[in-house]
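*Asks:* For reference, the structure I am asking about is given below.
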Amino acid sequence: MRAVSIASDFTFPLADRPGALAGLAARLRAADVNLLAIRALPEDGGEFAIIGCVPESADQFREFAESAGLAVTEQPVVWVEGVDETGALRHILEQVAGAGVNLSSIEAVSFAGRYGAVLRIEPAHWPRA
């Protein structure tokens with residue numbers, strides 16, 4: 001069994017220094033914001049990292065970001081989760097390909113018999129998604 005839904009991916013810069021991500025996590029916890037996914041990628045120059053968050057509630061994250069003074073960019077993504085079994089993600093990818101939709105990126109993880117994946121669709125392909 002799998003669930004597929006449209007979610008929001010929020011990206012923003014964060015200082016690239018020890019403890020910055022831990023501080024963000026503490027502020028998210030204090031605001032009771034639950035994340036489905038998070039990523040941190042280095043930004044050229046080393047001063048900042050680019051953080052990406054896919055929250056359970058986009059509205060709640062927007063409120064958090066505004067109160068925290070974060071300059072966020074929001075884009076729609078597809079969130080997929082389900083029971084982890086051989087080929088589980090392949091079925092979703094075949095459906096995406098069959099619809100003629102091109103992905104710009106994908107992130108997936110499996111843990112304790114379940115998986116979750118964030119599919120980023122090229123903007124021009126959203127009408128087909």
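FYI, nothing fancy with the structure tokens labels: chains A, B, ... in order, residues from 1 per chain, ligands from 1 as they appear.
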Mind checking which residues fall within 9 Å of segment 10-26 of chain A, counting only C-alpha atoms, ignoring those fewer than 6 positions away in the same chain, and posting them as a list in words?

*Replies:* Ala40, Pro42, Glu43, Gly46, Glu47, Phe48, Ala49, Ile50, Ile51, Gly52, Cys53, Val54, Pro55, Ala58, Phe61, Arg62, Leu70, Ala71, Val72, Thr73, Glu74, Gln75 and Pro76 of chain A

*Asks:* Give me the residues near Asp59 of chain A as a PyMOL selection string, where near means some atom within 12 Å (using only C-alpha atoms) and where sequence neighbours in that chain fewer than 6 positions away do not count.

*Replies:* chain A and resi 7-10+33-34+65-66+74

*Asks:* Would you mind exporting N, CA, C and O atoms of the selected residues as a PDB file, in the first residue's frame?

*Replies:*
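As a result, again_8.pdb now contains:
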```pdb
ATOM      1  N   ALA A   7       2.841  17.963  -2.003  1.00  0.00           N
ATOM      2  CA  ALA A   7       3.351  18.632  -0.808  1.00  0.00           C
ATOM      3  C   ALA A   7       4.107  19.887  -1.255  1.00  0.00           C
ATOM      4  O   ALA A   7       4.200  20.166  -2.448  1.00  0.00           O
ATOM      5  N   SER A   8       4.631  20.614  -0.299  1.00  0.00           N
ATOM      6  CA  SER A   8       5.428  21.803  -0.594  1.00  0.00           C
ATOM      7  C   SER A   8       6.852  21.602  -0.107  1.00  0.00           C
ATOM      8  O   SER A   8       7.071  21.070   0.982  1.00  0.00           O
ATOM      9  N   ASP A   9       7.791  22.028  -0.929  1.00  0.00           N
ATOM     10  CA  ASP A   9       9.211  21.990  -0.582  1.00  0.00           C
ATOM     11  C   ASP A   9       9.659  23.432  -0.376  1.00  0.00           C
ATOM     12  O   ASP A   9       9.510  24.258  -1.267  1.00  0.00           O
ATOM     13  N   PHE A  10      10.146  23.727   0.809  1.00  0.00           N
ATOM     14  CA  PHE A  10      10.614  25.066   1.148  1.00  0.00           C
ATOM     15  C   PHE A  10      12.135  25.059   1.193  1.00  0.00           C
ATOM     16  O   PHE A  10      12.727  24.229   1.889  1.00  0.00           O
ATOM     17  N   VAL A  33       6.474  21.916  14.379  1.00  0.00           N
ATOM     18  CA  VAL A  33       6.464  21.683  12.933  1.00  0.00           C
ATOM     19  C   VAL A  33       7.087  20.317  12.671  1.00  0.00           C
ATOM     20  O   VAL A  33       8.240  20.079  13.046  1.00  0.00           O
ATOM     21  N   ASN A  34       6.334  19.428  12.059  1.00  0.00           N
ATOM     22  CA  ASN A  34       6.826  18.096  11.737  1.00  0.00           C
ATOM     23  C   ASN A  34       7.225  18.037  10.262  1.00  0.00           C
ATOM     24  O   ASN A  34       6.477  18.493   9.392  1.00  0.00           O
ATOM     25  N   ALA A  65       8.250  29.958   9.190  1.00  0.00           N
ATOM     26  CA  ALA A  65       9.275  30.664   8.415  1.00  0.00           C
ATOM     27  C   ALA A  65       9.134  32.170   8.568  1.00  0.00           C
ATOM     28  O   ALA A  65      10.135  32.883   8.729  1.00  0.00           O
ATOM     29  N   GLU A  66       7.906  32.658   8.533  1.00  0.00           N
ATOM     30  CA  GLU A  66       7.687  34.096   8.689  1.00  0.00           C
ATOM     31  C   GLU A  66       8.124  34.554  10.079  1.00  0.00           C
ATOM     32  O   GLU A  66       8.819  35.558  10.216  1.00  0.00           O
ATOM     33  N   GLU A  74       9.142  28.434  -2.138  1.00  0.00           N
ATOM     34  CA  GLU A  74       8.255  27.272  -2.056  1.00  0.00           C
ATOM     35  C   GLU A  74       7.984  26.731  -3.446  1.00  0.00           C
ATOM     36  O   GLU A  74       7.747  27.490  -4.384  1.00  0.00           O
TER      37      GLU A  74
END
```

*Asks:* Quick one: pick out all strand (DSSP E or B) residues within segment 7-78 of chain A from a backbone DSSP run and write them as a PyMOL selection string.

*Replies:* chain A and resi 7-15+35-42+48-55+73-78

*Asks:* With distances taken over only C-alpha atoms, which residue among A:Ile106, A:Ala31, A:Ala117, A:Leu41 lies nearest Val4 of chain A?

*Replies:* A:Ala117

*Asks:* Would you kindly return, as a ChimeraX atom specification, each protein, DNA or RNA residue with an atom no farther than 12 Å from any atom of segment 88-92 of chain A, considering only C-alpha atoms and excluding same-chain residues fewer than 4 positions away?

*Replies:* /A:1-4,78-84,96-99,101,103,106-110,113-119,129

*Asks:* Kindly save the residues from that selection, with C-alpha atoms included, as an mmCIF file, in the first residue's frame.

*Replies:*
```
data_model
loop_
_atom_site.group_PDB
_atom_site.id
_atom_site.type_symbol
_atom_site.label_atom_id
_atom_site.label_comp_id
_atom_site.auth_asym_id
_atom_site.auth_seq_id
_atom_site.Cartn_x
_atom_site.Cartn_y
_atom_site.Cartn_z
ATOM 1 C CA MET A 1 0.000 0.000 0.000
ATOM 2 C CA ARG A 2 1.314 3.439 -0.877
ATOM 3 C CA ALA A 3 0.125 7.001 -0.537
ATOM 4 C CA VAL A 4 0.858 9.760 -3.035
ATOM 5 C CA VAL A 78 5.111 14.848 -4.961
ATOM 6 C CA TRP A 79 5.430 12.969 -1.667
ATOM 7 C CA VAL A 80 5.226 9.173 -1.883
ATOM 8 C CA GLU A 81 5.285 6.789 1.060
ATOM 9 C CA GLY A 82 4.537 3.144 1.524
ATOM 10 C CA VAL A 83 5.616 -0.312 2.556
ATOM 11 C CA ASP A 84 9.172 -1.010 1.480
ATOM 12 C CA VAL A 96 5.502 9.144 -13.937
ATOM 13 C CA ALA A 97 7.318 8.089 -17.109
ATOM 14 C CA GLY A 98 4.099 6.759 -18.651
ATOM 15 C CA ALA A 99 2.498 10.178 -18.171
ATOM 16 C CA VAL A 101 6.529 13.653 -16.886
ATOM 17 C CA LEU A 103 11.648 14.578 -12.891
ATOM 18 C CA ILE A 106 14.303 12.539 -6.470
ATOM 19 C CA GLU A 107 15.210 11.746 -2.881
ATOM 20 C CA ALA A 108 14.159 8.499 -1.245
ATOM 21 C CA VAL A 109 14.850 6.685 1.993
ATOM 22 C CA SER A 110 13.796 3.393 3.539
ATOM 23 C CA GLY A 113 9.950 -1.547 6.439
ATOM 24 C CA ARG A 114 8.621 1.758 5.064
ATOM 25 C CA TYR A 115 9.873 4.189 2.429
ATOM 26 C CA GLY A 116 9.377 7.836 1.632
ATOM 27 C CA ALA A 117 10.307 9.742 -1.513
ATOM 28 C CA VAL A 118 10.214 13.342 -2.700
ATOM 29 C CA LEU A 119 9.753 13.718 -6.459
ATOM 30 C CA ALA A 129 1.571 15.188 -13.271
#
```

*Asks:* List every residue of chain A that DSSP, applied to the backbone, labels as helix (DSSP H, G or I), and write the result as a PyMOL selection string.

*Replies:* chain A and resi 20-30+58-68+88-98+123-128

*Asks:* Give me, please, the distance in Å between atom CA of Arg120 of chain A and atom CA of Val77 of chain A, quoted to one decimal.

*Replies:*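 It comes out at 5.1 Å.
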
*Asks:* Restricting the calculation to only C-alpha atoms: of A:Glu63, A:Leu36, A:Gly45, A:Ala68, which residue gets closest to Ser5 of chain A?

*Replies:*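 Checking each of A:Glu63, A:Leu36, A:Gly45, A:Ala68 against Ser5 of chain A, counting only C-alpha atoms, the winner is A:Leu36.
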
*Asks:* For Ala30 of chain A, which residue among A:Trp126, A:Phe64, A:Gln95, A:Gly69 is the nearest when counting only C-alpha atoms?

*Replies:*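 Among the listed residues, the smallest separation from Ala30 of chain A belongs to A:Phe64.
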